[in-house]
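K.L.:
Quick one: the structure is below, questions incoming.
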Amino acid sequence: MAKVRIGFVGVGGMGQMAHLRNYVTIDECDVVAIAELRSQTAELVARRYGIAKVYADHRSMLAGEKLDGIVASQPFTRHAVLLPELYKGTKFVFTEKPLAVAVGAGEKLAQQASAAGCTHMVGYHKRSDPATMFAKGLIDQWKASKKFGALRYVRVLMPSGDWVANGFIGLLSAGDKAPALDCEGPIADMDEATANSTSHS
């Protein structure tokens, strides 16, 4: 069976530590290219992980590669600007949570992915994690039974793994800076919505 050809858009902190270093260990995957705006850092990462192609940006990677999937671990404020272009260049895109800043932008992204025939997976939200679902069910039982009185606060801890617990040990960076990038703007009515929710609580 042919390996799945994966490209990475961004190999900074999360892209490198939480994703790239794991994808390169999966036998069924072949990370064939990275697109990284910081050229010196890109070269360091490519050398460490044996990635043959390095591109200056996602557009040149899309033009130069036939990819089965793209991992784009970016700040979520970049999703509404970046992802529509990625949807047109592959059948599968993976990003971190959340989908977008505003609900409307998220809905538009879903429509754009569908129109392009691309499946977009937003990774690692905890609502559907079996442990979280179990905890939620247990908390609901406690609330209904009033066994512990009125619950005001519940804290859930999770093992995040070495990439967090050890402070990104092993992160490669040449210290070169990325240029300023276009992002989704803040939600225009955020202050009003916050005030309204506070006044009704």
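We label chains A, B, ... in the order they appear in the structure tokens, count residues from 1 in each chain, and number ligands from 1 in the order shown.
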So that I can see what lies close to range 31-48 of chain A, please list as JSON, numbers by chain the residues with an atom at most 9 Å from it, counting only C-alpha atoms and leaving out residues fewer than 4 positions away in the same chain.
P.N.:
{"A": [4, 5, 6, 7, 8, 9, 10, 11, 12, 16, 20, 23, 24, 52, 53, 54, 55, 56, 57, 58, 59, 60, 61, 65, 67, 172, 173, 174, 175, 176, 177, 178, 179]}
K.L.:
Write out as a list in words the residues lying within 9 Å of Ala113 in chain A, counting only C-alpha atoms and excluding same-chain residues fewer than 5 positions away.
P.N.:
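Counting only the stated atoms, we get Leu83, Pro84, Tyr87, Lys88, Lys108, Cys118, Thr119 and His120 of chain A.
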K.L.:
Using only C-alpha atoms, which of A:Val93, A:Ala80, A:Ile139, A:Met1 sits nearest Met121 in chain A?
P.N.:
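Of all the options, A:Val93 lies closest to Met121 in chain A.
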K.L.:
Any chance you could list, as a PyMOL selection string, the residues in range 55-192 of chain A that come up strand (DSSP E or B) when DSSP is run on the backbone?
P.N.:
chain A and resi 55+69-71+92-96+119-123
K.L.:
May I have the residues within 7 Å of Arg78 in chain A as a PDB file with all heavy atoms, in the first residue's frame, using only C-alpha atoms and disregarding those fewer than 6 positions away in the same chain?
P.N.:
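Saved result, around_10.pdb, follows:
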ATOM      1  N   ASP A 182      -1.542  38.072   7.756  1.00  0.00           N
ATOM      2  CA  ASP A 182      -2.959  38.418   7.828  1.00  0.00           C
ATOM      3  C   ASP A 182      -3.671  37.438   8.748  1.00  0.00           C
ATOM      4  O   ASP A 182      -3.390  36.237   8.728  1.00  0.00           O
ATOM      5  CB  ASP A 182      -3.603  38.349   6.438  1.00  0.00           C
ATOM      6  CG  ASP A 182      -3.098  39.444   5.511  1.00  0.00           C
ATOM      7  OD1 ASP A 182      -2.649  40.479   6.021  1.00  0.00           O
ATOM      8  OD2 ASP A 182      -3.158  39.250   4.287  1.00  0.00           O
ATOM      9  N   CYS A 183      -4.596  37.974   9.530  1.00  0.00           N
ATOM     10  CA  CYS A 183      -5.362  37.158  10.465  1.00  0.00           C
ATOM     11  C   CYS A 183      -6.819  37.580  10.441  1.00  0.00           C
ATOM     12  O   CYS A 183      -7.152  38.680   9.988  1.00  0.00           O
ATOM     13  CB  CYS A 183      -4.836  37.338  11.893  1.00  0.00           C
ATOM     14  SG  CYS A 183      -3.180  36.695  12.143  1.00  0.00           S
ATOM     15  N   GLU A 184      -7.670  36.696  10.941  1.00  0.00           N
ATOM     16  CA  GLU A 184      -9.070  37.042  11.144  1.00  0.00           C
ATOM     17  C   GLU A 184      -9.128  38.100  12.245  1.00  0.00           C
ATOM     18  O   GLU A 184      -8.460  37.972  13.273  1.00  0.00           O
ATOM     19  CB  GLU A 184      -9.853  35.804  11.566  1.00  0.00           C
ATOM     20  CG  GLU A 184     -11.328  36.056  11.807  1.00  0.00           C
ATOM     21  CD  GLU A 184     -12.049  34.830  12.368  1.00  0.00           C
ATOM     22  OE1 GLU A 184     -11.460  33.734  12.431  1.00  0.00           O
ATOM     23  OE2 GLU A 184     -13.207  34.994  12.758  1.00  0.00           O
TER      24      GLU A 184
END
K.L.:
For a quick check of understanding, using only C-alpha atoms, which of A:Ile169, A:Thr132, A:His79, A:Gly137 has the smallest distance to Val156 in chain A?
P.N.:
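Nearest candidate to Val156 in chain A out of A:Ile169, A:Thr132, A:His79, A:Gly137: A:Thr132.
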K.L.:
How many Å lie between CA of His125 in chain A and CA of Gly149 in chain A, rounded to one decimal?
P.N.:
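Computing it gives 29.3 Å between the two atoms.
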K.L.:
Tell me which protein, DNA and RNA residues are within 10 Å of Gly123 in chain A, counting only C-alpha atoms, leaving out same-chain ones fewer than 2 positions away, and put them as a PyMOL selection string.
P.N.:
chain A and resi 73+94-99+120-121+125-126
K.L.:
Please dump the current selection as an mmCIF file, in the first residue's frame; keep C-alpha atoms.
P.N.:
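part05.cif was written with the following content:
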data_model
loop_
_atom_site.group_PDB
_atom_site.id
_atom_site.type_symbol
_atom_site.label_atom_id
_atom_site.label_comp_id
_atom_site.auth_asym_id
_atom_site.auth_seq_id
_atom_site.Cartn_x
_atom_site.Cartn_y
_atom_site.Cartn_z
ATOM 1 C CA SER A 73 -0.813 23.840 13.061
ATOM 2 C CA PHE A 94 -5.770 18.870 10.027
ATOM 3 C CA THR A 95 -5.624 21.892 12.340
ATOM 4 C CA GLU A 96 -5.668 22.536 16.025
ATOM 5 C CA LYS A 97 -8.669 23.930 17.840
ATOM 6 C CA PRO A 98 -10.627 26.162 17.673
ATOM 7 C CA LEU A 99 -11.879 26.406 14.109
ATOM 8 C CA HIS A 120 -11.080 19.296 7.653
ATOM 9 C CA MET A 121 -10.398 17.748 11.051
ATOM 10 C CA HIS A 125 -10.936 19.098 21.560
ATOM 11 C CA LYS A 126 -11.792 17.265 24.750
#
